[in-house]
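With mmCIF, C-alpha atoms inside, this is start02.cif:
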```cif
data_my_file
loop_
_atom_site.label_atom_id
_atom_site.label_comp_id
_atom_site.auth_asym_id
_atom_site.auth_seq_id
_atom_site.Cartn_x
_atom_site.Cartn_y
_atom_site.Cartn_z
CA MET A 62 -17.70 -23.35 -20.71
CA ARG A 63 -21.22 -23.91 -22.03
CA ALA A 64 -23.87 -21.30 -21.38
CA ALA A 65 -27.40 -20.29 -22.38
CA VAL A 66 -26.54 -17.00 -24.07
CA PHE A 67 -28.97 -14.17 -24.74
CA ARG A 68 -28.03 -13.05 -28.25
CA ASP A 69 -30.00 -10.98 -30.75
CA GLY A 70 -33.19 -11.39 -28.75
CA GLN A 71 -32.95 -15.19 -28.46
CA ILE A 72 -31.64 -17.72 -25.98
CA THR A 73 -29.06 -19.97 -27.62
CA VAL A 74 -26.61 -22.47 -26.15
CA ASP A 75 -22.98 -21.76 -27.01
CA THR A 76 -19.46 -22.07 -25.64
CA MET A 77 -17.50 -19.15 -24.23
CA PRO A 78 -14.20 -18.75 -22.39
CA ASP A 79 -14.14 -19.83 -18.76
CA PRO A 80 -13.97 -16.81 -16.47
CA VAL A 81 -10.61 -16.25 -14.75
CA PRO A 82 -10.92 -15.09 -11.12
CA GLU A 83 -9.10 -11.89 -10.23
CA GLN A 84 -7.84 -10.80 -6.83
CA GLY A 85 -10.66 -11.09 -4.29
CA GLN A 86 -12.69 -13.37 -6.56
CA VAL A 87 -13.52 -17.08 -6.51
CA LEU A 88 -14.22 -19.22 -9.54
CA VAL A 89 -17.38 -21.17 -8.79
CA LYS A 90 -19.20 -23.93 -10.64
CA THR A 91 -22.92 -23.25 -11.03
CA VAL A 92 -24.93 -26.18 -9.63
CA ARG A 93 -28.46 -24.72 -9.85
CA CYS A 94 -29.90 -21.40 -10.99
CA GLY A 95 -33.55 -20.36 -10.93
CA ILE A 96 -35.31 -18.55 -13.77
CA CYS A 97 -36.80 -15.25 -12.60
CA GLY A 98 -39.73 -13.30 -14.02
CA SER A 99 -37.33 -10.43 -14.61
CA ASP A 100 -35.34 -12.72 -16.91
CA LEU A 101 -38.48 -13.29 -18.98
CA HIS A 102 -39.13 -9.56 -19.19
CA ALA A 103 -35.53 -8.73 -20.09
CA ALA A 104 -35.64 -11.28 -22.91
CA LYS A 105 -39.02 -10.25 -24.30
CA HIS A 106 -38.84 -6.48 -23.79
CA THR A 107 -35.11 -5.90 -23.96
CA ALA A 108 -35.13 -2.32 -25.24
CA GLN A 109 -37.54 -1.26 -22.51
CA PHE A 110 -35.53 -3.12 -19.85
CA VAL A 111 -32.30 -1.41 -20.92
CA ASP A 112 -33.96 2.01 -21.13
CA LEU A 113 -35.51 1.73 -17.67
CA GLY A 114 -32.19 0.60 -16.23
CA ARG A 115 -30.45 3.63 -17.71
CA ARG A 116 -33.14 6.13 -16.67
CA SER A 117 -33.34 4.77 -13.12
CA GLY A 118 -29.66 5.21 -12.39
CA GLY A 119 -27.84 2.55 -14.38
CA ARG A 120 -28.53 -0.38 -12.07
CA PHE A 121 -28.38 -2.74 -15.04
CA GLY A 122 -25.63 -1.98 -17.57
CA LEU A 123 -26.93 -4.33 -20.23
CA ASP A 124 -26.08 -3.66 -23.89
CA ALA A 125 -28.68 -5.44 -26.05
CA SER A 126 -26.30 -5.58 -29.03
CA ARG A 127 -23.82 -7.79 -27.13
CA ASP A 128 -24.03 -11.29 -25.66
CA ALA A 129 -25.21 -11.70 -22.07
CA VAL A 130 -25.70 -14.70 -19.79
CA PHE A 131 -28.67 -14.27 -17.46
CA GLY A 132 -29.21 -15.99 -14.12
CA HIS A 133 -29.08 -14.39 -10.67
CA GLU A 134 -30.76 -16.98 -8.39
CA PHE A 135 -27.95 -19.48 -7.93
CA CYS A 136 -26.13 -21.98 -5.76
CA CYS A 137 -22.57 -22.94 -6.67
CA GLU A 138 -19.49 -24.95 -5.71
CA VAL A 139 -16.14 -23.36 -4.93
CA VAL A 140 -13.54 -24.31 -7.59
CA GLU A 141 -10.46 -22.10 -7.18
CA TYR A 142 -9.38 -18.72 -5.86
CA GLY A 143 -7.96 -15.69 -7.58
CA PRO A 144 -4.50 -14.39 -6.66
CA ASP A 145 -4.01 -13.00 -3.13
CA THR A 146 -7.52 -14.07 -2.13
CA PRO A 147 -8.34 -15.60 1.28
CA LYS A 148 -9.09 -19.32 0.93
CA ARG A 149 -11.57 -19.72 3.76
CA LEU A 150 -13.75 -22.35 2.03
CA LYS A 151 -12.58 -25.66 0.60
CA PRO A 152 -13.06 -26.50 -3.09
CA GLY A 153 -16.39 -28.28 -3.51
CA THR A 154 -18.10 -26.26 -0.77
CA LEU A 155 -21.66 -25.27 -1.68
CA VAL A 156 -22.15 -21.50 -1.53
CA CYS A 157 -24.69 -18.81 -2.30
CA SER A 158 -24.10 -15.14 -2.98
CA MET A 159 -25.98 -11.99 -3.72
CA PRO A 160 -25.91 -11.55 -7.52
CA GLY A 161 -22.85 -9.37 -7.82
CA THR A 162 -19.09 -9.57 -7.83
CA LEU A 163 -16.26 -7.18 -7.01
CA ARG A 164 -13.40 -5.97 -9.16
CA GLY A 165 -11.33 -3.92 -6.78
CA ASN A 166 -13.83 -1.45 -5.33
CA GLN A 167 -16.16 -1.75 -8.32
CA VAL A 168 -19.41 -3.71 -7.91
CA LEU A 169 -20.39 -5.63 -11.05
CA PRO A 170 -23.85 -7.17 -11.49
CA ILE A 171 -24.32 -10.87 -12.10
CA GLY A 172 -27.16 -11.84 -14.42
CA TYR A 173 -27.78 -8.63 -16.37
CA SER A 174 -24.29 -7.78 -17.56
CA ASN A 175 -22.25 -8.18 -20.71
CA GLU A 176 -19.07 -8.35 -18.63
CA THR A 177 -19.82 -11.12 -16.13
CA ALA A 178 -21.70 -14.32 -16.92
CA GLY A 179 -24.68 -15.27 -14.77
CA GLY A 180 -25.92 -18.61 -13.50
CA PHE A 181 -27.11 -19.87 -16.89
CA GLY A 182 -23.42 -20.56 -17.51
CA GLN A 183 -21.27 -23.30 -16.00
CA PHE A 184 -18.85 -21.00 -14.15
CA MET A 185 -18.90 -17.54 -12.55
CA PRO A 186 -16.32 -15.27 -10.88
CA LEU A 187 -17.91 -14.34 -7.53
CA ALA A 188 -16.55 -12.09 -4.78
CA GLU A 189 -14.96 -14.12 -1.98
CA ARG A 190 -16.19 -11.73 0.71
CA MET A 191 -19.82 -12.16 -0.45
CA LEU A 192 -19.93 -15.97 -0.35
CA LEU A 193 -22.21 -17.69 2.17
CA GLU A 194 -21.62 -21.36 2.89
CA VAL A 195 -24.79 -23.42 2.52
CA PRO A 196 -25.58 -24.84 5.99
CA ASN A 197 -27.35 -27.89 7.43
CA GLY A 198 -26.86 -30.10 4.37
CA LEU A 199 -29.36 -27.99 2.40
CA SER A 200 -29.50 -29.10 -1.24
CA ALA A 201 -28.21 -26.84 -3.98
CA GLU A 202 -31.67 -26.86 -5.56
CA HIS A 203 -33.28 -25.49 -2.41
CA ALA A 204 -30.40 -23.13 -1.62
CA ALA A 205 -30.86 -21.51 -5.05
CA LEU A 206 -34.20 -20.19 -3.75
CA THR A 207 -32.35 -17.86 -1.36
CA GLU A 208 -32.46 -14.89 -3.73
CA PRO A 209 -36.21 -14.93 -4.53
CA MET A 210 -37.06 -15.69 -0.88
CA ALA A 211 -34.95 -12.70 0.18
CA VAL A 212 -37.15 -10.45 -1.98
CA GLY A 213 -40.20 -11.47 0.07
CA TRP A 214 -38.36 -11.20 3.37
CA HIS A 215 -37.18 -7.68 2.50
CA ALA A 216 -40.73 -6.60 1.62
CA VAL A 217 -42.07 -7.89 4.94
CA GLN A 218 -39.24 -6.19 6.84
CA PHE A 219 -40.08 -2.89 5.14
CA ALA A 220 -43.75 -3.28 6.10
CA ARG A 221 -42.80 -2.83 9.77
CA LEU A 222 -45.52 -5.17 10.92
CA THR A 223 -47.12 -5.02 14.33
CA ALA A 224 -48.99 -7.78 16.13
CA GLU A 225 -52.30 -6.11 15.22
CA ASP A 226 -51.74 -5.94 11.45
CA VAL A 227 -53.76 -8.13 9.08
CA PRO A 228 -51.76 -8.69 5.86
CA LEU A 229 -53.35 -9.08 2.42
CA VAL A 230 -51.22 -10.43 -0.44
CA ILE A 231 -52.41 -9.61 -3.96
CA GLY A 232 -50.84 -12.05 -6.42
CA CYS A 233 -49.46 -15.50 -5.57
CA GLY A 234 -46.71 -15.91 -8.15
CA PRO A 235 -43.12 -16.43 -6.94
CA VAL A 236 -42.96 -12.96 -5.37
CA GLY A 237 -46.29 -13.30 -3.57
CA LEU A 238 -45.41 -16.80 -2.35
CA ALA A 239 -42.12 -15.47 -0.97
CA VAL A 240 -44.05 -12.76 0.88
CA ILE A 241 -46.51 -15.32 2.28
CA ALA A 242 -43.67 -17.55 3.48
CA SER A 243 -42.04 -14.55 5.14
CA LEU A 244 -45.29 -13.46 6.81
CA LYS A 245 -45.64 -16.97 8.22
CA ILE A 246 -42.11 -16.79 9.64
CA LYS A 247 -43.03 -13.44 11.23
CA ALA A 248 -46.19 -15.06 12.69
CA ALA A 249 -48.38 -12.38 11.10
CA HIS A 250 -51.86 -13.92 11.08
CA PRO A 251 -54.33 -14.21 9.54
CA ILE A 252 -52.58 -14.08 6.16
CA ILE A 253 -55.05 -13.42 3.34
CA ALA A 254 -53.95 -14.11 -0.24
CA ALA A 255 -55.64 -13.62 -3.62
CA ASP A 256 -54.90 -14.96 -7.10
CA PHE A 257 -56.94 -15.95 -10.16
CA SER A 258 -54.91 -19.16 -10.66
CA PRO A 259 -56.17 -22.28 -8.83
CA ALA A 260 -52.66 -23.76 -8.79
CA ARG A 261 -51.19 -20.65 -7.22
CA ARG A 262 -53.98 -20.43 -4.66
CA ALA A 263 -53.20 -24.00 -3.61
CA LEU A 264 -49.53 -23.11 -3.27
CA ALA A 265 -50.41 -20.02 -1.25
CA GLU A 266 -52.15 -22.26 1.28
CA ARG A 267 -49.19 -24.61 1.35
CA MET A 268 -46.81 -21.69 1.98
CA GLY A 269 -48.85 -20.44 4.93
CA ALA A 270 -51.86 -18.38 3.83
CA ASP A 271 -54.82 -18.69 6.21
CA VAL A 272 -57.48 -17.41 3.80
CA VAL A 273 -57.20 -17.79 0.02
CA ILE A 274 -59.45 -15.85 -2.35
CA ASP A 275 -60.32 -16.16 -6.04
CA PRO A 276 -60.81 -12.50 -7.09
CA ALA A 277 -63.08 -13.62 -9.91
CA ARG A 278 -65.62 -14.76 -7.32
CA ASP A 279 -64.95 -12.80 -4.12
CA SER A 280 -63.37 -9.51 -3.12
CA PRO A 281 -60.05 -9.92 -1.30
CA TYR A 282 -60.73 -6.62 0.43
CA ARG A 283 -64.03 -7.91 1.78
CA ALA A 284 -62.20 -11.00 3.03
CA TRP A 285 -59.68 -8.72 4.73
CA ALA A 286 -62.51 -6.71 6.36
CA ASP A 287 -64.16 -9.92 7.62
CA ALA A 288 -60.88 -10.94 9.28
CA ALA A 289 -59.96 -7.51 10.63
CA THR A 290 -63.32 -6.27 11.91
CA PRO A 291 -64.55 -7.03 15.45
CA ALA A 292 -68.22 -8.03 15.84
CA SER A 293 -69.22 -4.79 17.57
CA TYR A 294 -67.40 -2.47 15.17
CA ASP A 295 -69.33 0.69 14.28
CA PRO A 296 -68.37 1.83 10.75
CA SER A 297 -70.23 5.14 10.95
CA ARG A 298 -68.34 8.38 10.44
CA PHE A 299 -69.61 9.56 13.83
CA ALA A 300 -67.98 6.63 15.63
CA ARG A 301 -64.71 7.12 13.79
CA LEU A 302 -64.72 10.89 14.35
CA PHE A 303 -65.16 10.55 18.11
CA ASN A 304 -63.08 7.36 18.45
CA ILE A 305 -66.01 5.32 19.79
CA GLY A 306 -66.00 1.53 20.12
CA PRO A 307 -63.56 -1.16 18.95
CA LYS A 308 -61.39 -0.55 15.91
CA GLN A 309 -60.60 -2.55 12.81
CA ARG A 310 -57.15 -4.11 12.86
CA PRO A 311 -54.67 -2.25 10.60
CA CYS A 312 -54.46 -3.21 6.93
CA VAL A 313 -51.16 -3.98 5.15
CA VAL A 314 -51.48 -4.83 1.45
CA PHE A 315 -48.61 -6.41 -0.49
CA GLU A 316 -48.99 -5.78 -4.23
CA CYS A 317 -47.16 -8.71 -5.85
CA VAL A 318 -48.48 -8.66 -9.42
CA GLY A 319 -46.50 -5.94 -11.17
CA VAL A 320 -48.83 -5.16 -14.07
CA PRO A 321 -50.46 -1.81 -14.91
CA GLY A 322 -53.69 -1.05 -13.09
CA VAL A 323 -53.11 -3.16 -9.99
CA ILE A 324 -51.77 -0.36 -7.77
CA GLN A 325 -54.90 1.66 -8.58
CA GLN A 326 -57.10 -1.34 -7.75
CA VAL A 327 -55.32 -1.70 -4.41
CA MET A 328 -55.76 1.99 -3.61
CA GLU A 329 -59.47 1.72 -4.36
CA GLY A 330 -59.96 -1.48 -2.35
CA ALA A 331 -57.70 -0.91 0.64
CA ALA A 332 -59.08 0.30 3.95
CA ALA A 333 -58.50 3.88 5.10
CA GLY A 334 -55.09 4.28 6.68
CA ALA A 335 -53.71 1.15 5.03
CA ARG A 336 -50.05 0.59 4.31
CA VAL A 337 -49.43 -0.59 0.74
CA VAL A 338 -46.14 -2.32 -0.03
CA VAL A 339 -45.46 -2.52 -3.78
CA VAL A 340 -43.32 -5.61 -4.39
CA GLY A 341 -44.35 -6.50 -7.94
CA VAL A 342 -41.98 -5.01 -10.53
CA CYS A 343 -44.08 -3.18 -13.11
CA MET A 344 -41.90 -2.08 -16.04
CA GLU A 345 -44.65 -0.35 -17.98
CA THR A 346 -46.19 3.09 -17.65
CA ASP A 347 -49.00 2.99 -15.11
CA ARG A 348 -51.74 5.37 -14.00
CA ILE A 349 -53.15 6.06 -10.55
CA GLU A 350 -55.70 8.50 -9.17
CA PRO A 351 -53.99 10.17 -6.19
CA PHE A 352 -57.37 11.21 -4.77
CA PHE A 353 -57.89 7.68 -3.39
CA GLY A 354 -54.59 7.85 -1.54
CA ILE A 355 -55.36 11.32 -0.26
CA VAL A 356 -58.87 10.60 0.99
CA LYS A 357 -57.84 7.32 2.61
CA GLN A 358 -54.46 8.65 3.81
CA LEU A 359 -52.68 5.62 2.39
CA ASN A 360 -49.01 4.98 2.95
CA VAL A 361 -47.48 3.55 -0.26
CA GLN A 362 -44.01 1.98 -0.02
CA PHE A 363 -42.06 0.69 -3.03
CA VAL A 364 -39.44 -2.00 -2.35
CA LEU A 365 -36.70 -3.79 -4.30
CA ALA A 366 -34.25 -6.60 -3.60
CA TYR A 367 -32.78 -7.02 -0.08
CA SER A 368 -29.86 -6.21 2.20
CA PRO A 369 -26.92 -8.60 2.78
CA GLU A 370 -28.39 -9.40 6.20
CA GLU A 371 -31.81 -10.22 4.70
CA PHE A 372 -30.15 -12.44 2.09
CA ALA A 373 -28.32 -14.35 4.83
CA ASP A 374 -31.55 -14.60 6.85
CA SER A 375 -33.32 -16.20 3.88
CA LEU A 376 -30.61 -18.83 3.41
CA ARG A 377 -30.96 -19.65 7.12
CA HIS A 378 -34.77 -19.87 6.82
CA LEU A 379 -34.42 -22.43 4.03
CA ALA A 380 -31.76 -24.40 5.89
CA GLU A 381 -33.90 -24.54 9.03
CA GLY A 382 -36.93 -25.81 7.12
CA LEU A 383 -39.02 -22.69 7.74
CA ILE A 384 -39.93 -22.49 4.04
CA ASP A 385 -41.49 -25.32 2.01
CA ALA A 386 -38.85 -25.18 -0.72
CA GLU A 387 -40.01 -28.37 -2.41
CA ALA A 388 -43.40 -26.83 -3.19
CA LEU A 389 -41.87 -23.97 -5.15
CA ILE A 390 -39.70 -25.94 -7.58
CA THR A 391 -41.82 -27.25 -10.43
CA GLY A 392 -39.19 -28.19 -12.99
CA THR A 393 -35.50 -28.56 -13.81
CA VAL A 394 -33.92 -28.15 -17.24
CA GLY A 395 -30.45 -28.25 -18.74
CA LEU A 396 -29.03 -25.41 -20.79
CA ASP A 397 -30.76 -26.75 -23.90
CA GLY A 398 -34.11 -26.41 -22.12
CA VAL A 399 -33.76 -22.78 -21.00
CA ALA A 400 -35.43 -21.26 -24.07
CA GLY A 401 -38.40 -23.61 -23.74
CA ALA A 402 -38.68 -22.93 -20.03
CA PHE A 403 -38.96 -19.20 -20.76
CA VAL A 404 -42.07 -20.03 -22.82
CA ASP A 405 -43.52 -22.52 -20.32
CA LEU A 406 -43.22 -20.10 -17.37
CA ALA A 407 -45.84 -17.86 -18.96
CA ASN A 408 -48.48 -20.41 -17.86
CA PRO A 409 -49.19 -19.98 -14.11
CA GLU A 410 -50.92 -23.35 -13.94
CA ARG A 411 -47.80 -25.17 -15.10
CA HIS A 412 -44.83 -23.71 -13.26
CA VAL A 413 -43.70 -21.58 -10.32
CA LYS A 414 -39.92 -21.90 -10.29
CA VAL A 415 -37.89 -23.73 -12.92
CA MET A 416 -34.27 -24.54 -12.03
CA VAL A 417 -31.44 -24.65 -14.54
CA ASP A 418 -28.74 -27.32 -14.15
CA PRO A 419 -25.93 -26.18 -16.48
CA TRP A 420 -24.30 -29.63 -16.36
CA ARG A 421 -27.38 -31.66 -17.24
#
```

Can the structure from this file be put into structure tokens for me?
Amino acid sequence: MRAAVFRDGQITVDTMPDPVPEQGQVLVKTVRCGICGSDLHAAKHTAQFVDLGRRSGGRFGLDASRDAVFGHEFCCEVVEYGPDTPKRLKPGTLVCSMPGTLRGNQVLPIGYSNETAGGFGQFMPLAERMLLEVPNGLSAEHAALTEPMAVGWHAVQFARLTAEDVPLVIGCGPVGLAVIASLKIKAAHPIIAADFSPARRALAERMGADVVIDPARDSPYRAWADAATPASYDPSRFARLFNIGPKQRPCVVFECVGVPGVIQQVMEGAAAGARVVVVGVCMETDRIEPFFGIVKQLNVQFVLAYSPEEFADSLRHLAEGLIDAEALITGTVGLDGVAGAFVDLANPERHVKVMVDPWR
């Protein structure tokens, strides 16, 4: 098969043997696969990516000296089954799966592994028991958004929202947009979102944000206070101490940027008693001043990925039209265009999600 191979720090198109499905596995043909920000980081800062994976428990077993095929946001077609494997789906059926496969009782990652090719290749050996049939005639292109949408849905589930909460989303890249779409599904309003990019602010509105802020001109935390504060609210310490008068609605901040310094900015800007959900994946050393969290009694929750149930929920959300999938896809490339797309995705005004069609 042909694949966009990560080799010696570069993306190059090459041929490699077709995977052979083992017992419990299904050979699938990749129809679409999205490029993730983590792919960009793994390609540009490979040594750091590998080191963090090892130090954090070996979640990613990537060896930078060996070939790897990235791609973990995919939709595929069933081709054939491994030996002694239930054949519950017909060949040609569109399916999605969490980015992993099974070899006996061993879970193998898809996308950051030297052993199993990811979605930037034409075929993959997925676990039969993990396949979800794409429903409602949903296109493969839109179904491939299931994985990144599940990241946002998981973050919102972990936030344990109440009807009184006013959410603030910092950063409107793919992760922030997934959070906004999930907040809209949960009917958590008003949704306030902030990003420096005009294009991403426009997308935030399209995905469901009620108030969109340019942090270069206005404070997102002031916008949150305007939305969460009743007209007769008394901000004095006396009123708060003796529980007098109406209260501000609770603050839930979703940090969706993932660069050093942003968590500290959120801790400084967030209201007292706020819940902070860290969704952005920062892979560099960061620095915070705990005093802000102590004085404000902040609750800081870090989140990653999703459960199988949340993944299935996200596929259903897309199939039922609850997410504006068309707005998120800003380009499609063949395998020969993957390296260029890695460069283009660095410009937030140009792209949100680029899909790879390995057969193009």

Which residues come within 8 Å of stretch 148-156 of chain A, counting only C-alpha atoms, excluding same-chain residues fewer than 2 positions away, as a PDB file with C-alpha atoms, keeping the file's coordinate frame?
```pdb
ATOM      1  CA  CYS A 136     -26.130 -21.980  -5.760  1.00  0.00           C
ATOM      2  CA  CYS A 137     -22.570 -22.940  -6.670  1.00  0.00           C
ATOM      3  CA  GLU A 138     -19.490 -24.950  -5.710  1.00  0.00           C
ATOM      4  CA  VAL A 139     -16.140 -23.360  -4.930  1.00  0.00           C
ATOM      5  CA  VAL A 140     -13.540 -24.310  -7.590  1.00  0.00           C
ATOM      6  CA  GLU A 141     -10.460 -22.100  -7.180  1.00  0.00           C
ATOM      7  CA  TYR A 142      -9.380 -18.720  -5.860  1.00  0.00           C
ATOM      8  CA  THR A 146      -7.520 -14.070  -2.130  1.00  0.00           C
ATOM      9  CA  SER A 158     -24.100 -15.140  -2.980  1.00  0.00           C
ATOM     10  CA  LEU A 192     -19.930 -15.970  -0.350  1.00  0.00           C
ATOM     11  CA  LEU A 193     -22.210 -17.690   2.170  1.00  0.00           C
ATOM     12  CA  GLU A 194     -21.620 -21.360   2.890  1.00  0.00           C
ATOM     13  CA  VAL A 195     -24.790 -23.420   2.520  1.00  0.00           C
ATOM     14  CA  ALA A 201     -28.210 -26.840  -3.980  1.00  0.00           C
TER      15      ALA A 201
END
```

How would you write, as a ChimeraX atom specification, the residues chosen by the PyMOL selection byres ((chain A and resi 244) around 10) on this structure?
/A:213-214,216-218,222,228,230,238-243,245-252,268-270

Can you give me, as a ChimeraX atom specification, the residues this file yields under the PyMOL selection byres ((chain A and resi 403) around 12)?
/A:65,67,71-72,95-105,131,392,394,396-402,404-408,412-417

Exactly which residues make up the result of the PyMOL selection byres ((chain A and resi 169) around 12) on this file, given as a list in words?
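Applying the expression gives Gln86, Gly119, Arg120, Phe121, Gly122, Leu123, Met159, Pro160, Gly161, Thr162, Leu163, Arg164, Gly165, Asn166, Gln167, Val168, Pro170, Ile171, Gly172, Tyr173, Ser174, Asn175, Glu176, Thr177, Ala178, Gly179, Pro186, Leu187 and Ala188 of chain A.
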
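When all atoms listed in the file are used to compute distances to A:Ser375, the closest of the residues A:Asp226, A:Glu189, A:Glu208, A:Asp75 turns out to be A:Glu208.
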
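Our summary of the geometry notes that atom CA of A:Leu365 is positioned 12.2 Å from atom CA of A:Gly319.
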
For the atom pair atom CA of A:Ser200 and atom CA of A:Pro419, what is the interatomic distance in Å to one decimal place?
15.9 Å

To one decimal place in Å, what is the distance between atom CA of A:Gln109 and atom CA of A:Thr346?
10.8 Å

Please enclose the listed atoms of stretch 368-371 of chain A in an axis-aligned box, pad each side by 5 Å, and write out the centre and the three edge lengths in Å, rounded to one decimal, as lines of an AutoDock Vina configuration file.
```
center_x = -29.4
center_y = -8.2
center_z = 4.2
size_x = 14.9
size_y = 14.0
size_z = 14.0
```

List the neighbours of stretch 349-358 of chain A out to 8 Å using only C-alpha atoms; skip same-chain residues closer than 5 positions along the sequence, and give me the result as a PyMOL selection string.
chain A and resi 322+324-325+328-329+332-335

Find the spatial neighbours of A:Ala286, counting all atoms listed in the file, within a cut-off of 10 Å - ignore same-chain residues fewer than 6 positions away - and output them as a ChimeraX atom specification.
/A:227,280,309-312,331-332

Contacts of A:Pro259 at 10 Å (all atoms listed in the file; same-chain gap of 2+ positions) as a compact mmCIF listing (two decimals) with C-alpha atoms, in the frame of the given file:
```txt
# COMPACT_ATOMS: atom_id res chain seq x y z
CA ASP A 256 -54.90 -14.96 -7.10
CA PHE A 257 -56.94 -15.95 -10.16
CA ARG A 261 -51.19 -20.65 -7.22
CA ARG A 262 -53.98 -20.43 -4.66
CA ALA A 263 -53.20 -24.00 -3.61
CA LEU A 264 -49.53 -23.11 -3.27
CA ALA A 265 -50.41 -20.02 -1.25
CA VAL A 273 -57.20 -17.79 0.02
CA ILE A 274 -59.45 -15.85 -2.35
CA ASP A 275 -60.32 -16.16 -6.04
CA PRO A 409 -49.19 -19.98 -14.11
CA GLU A 410 -50.92 -23.35 -13.94
```

With a distance cut-off of 7 Å and all atoms listed in the file, select the neighbouring residues of stretch 371-374 of chain A, excluding the residue or stretch itself and same-chain residues fewer than 3 positions from it, and output the selection as a PyMOL selection string.
chain A and resi 207-208+211+214-215+367-368+377-378

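Considering all atoms listed in the file, the residue among A:Thr290, A:Gly232, A:Gly85, A:Trp285 positioned nearest to A:Arg190 is A:Gly85.
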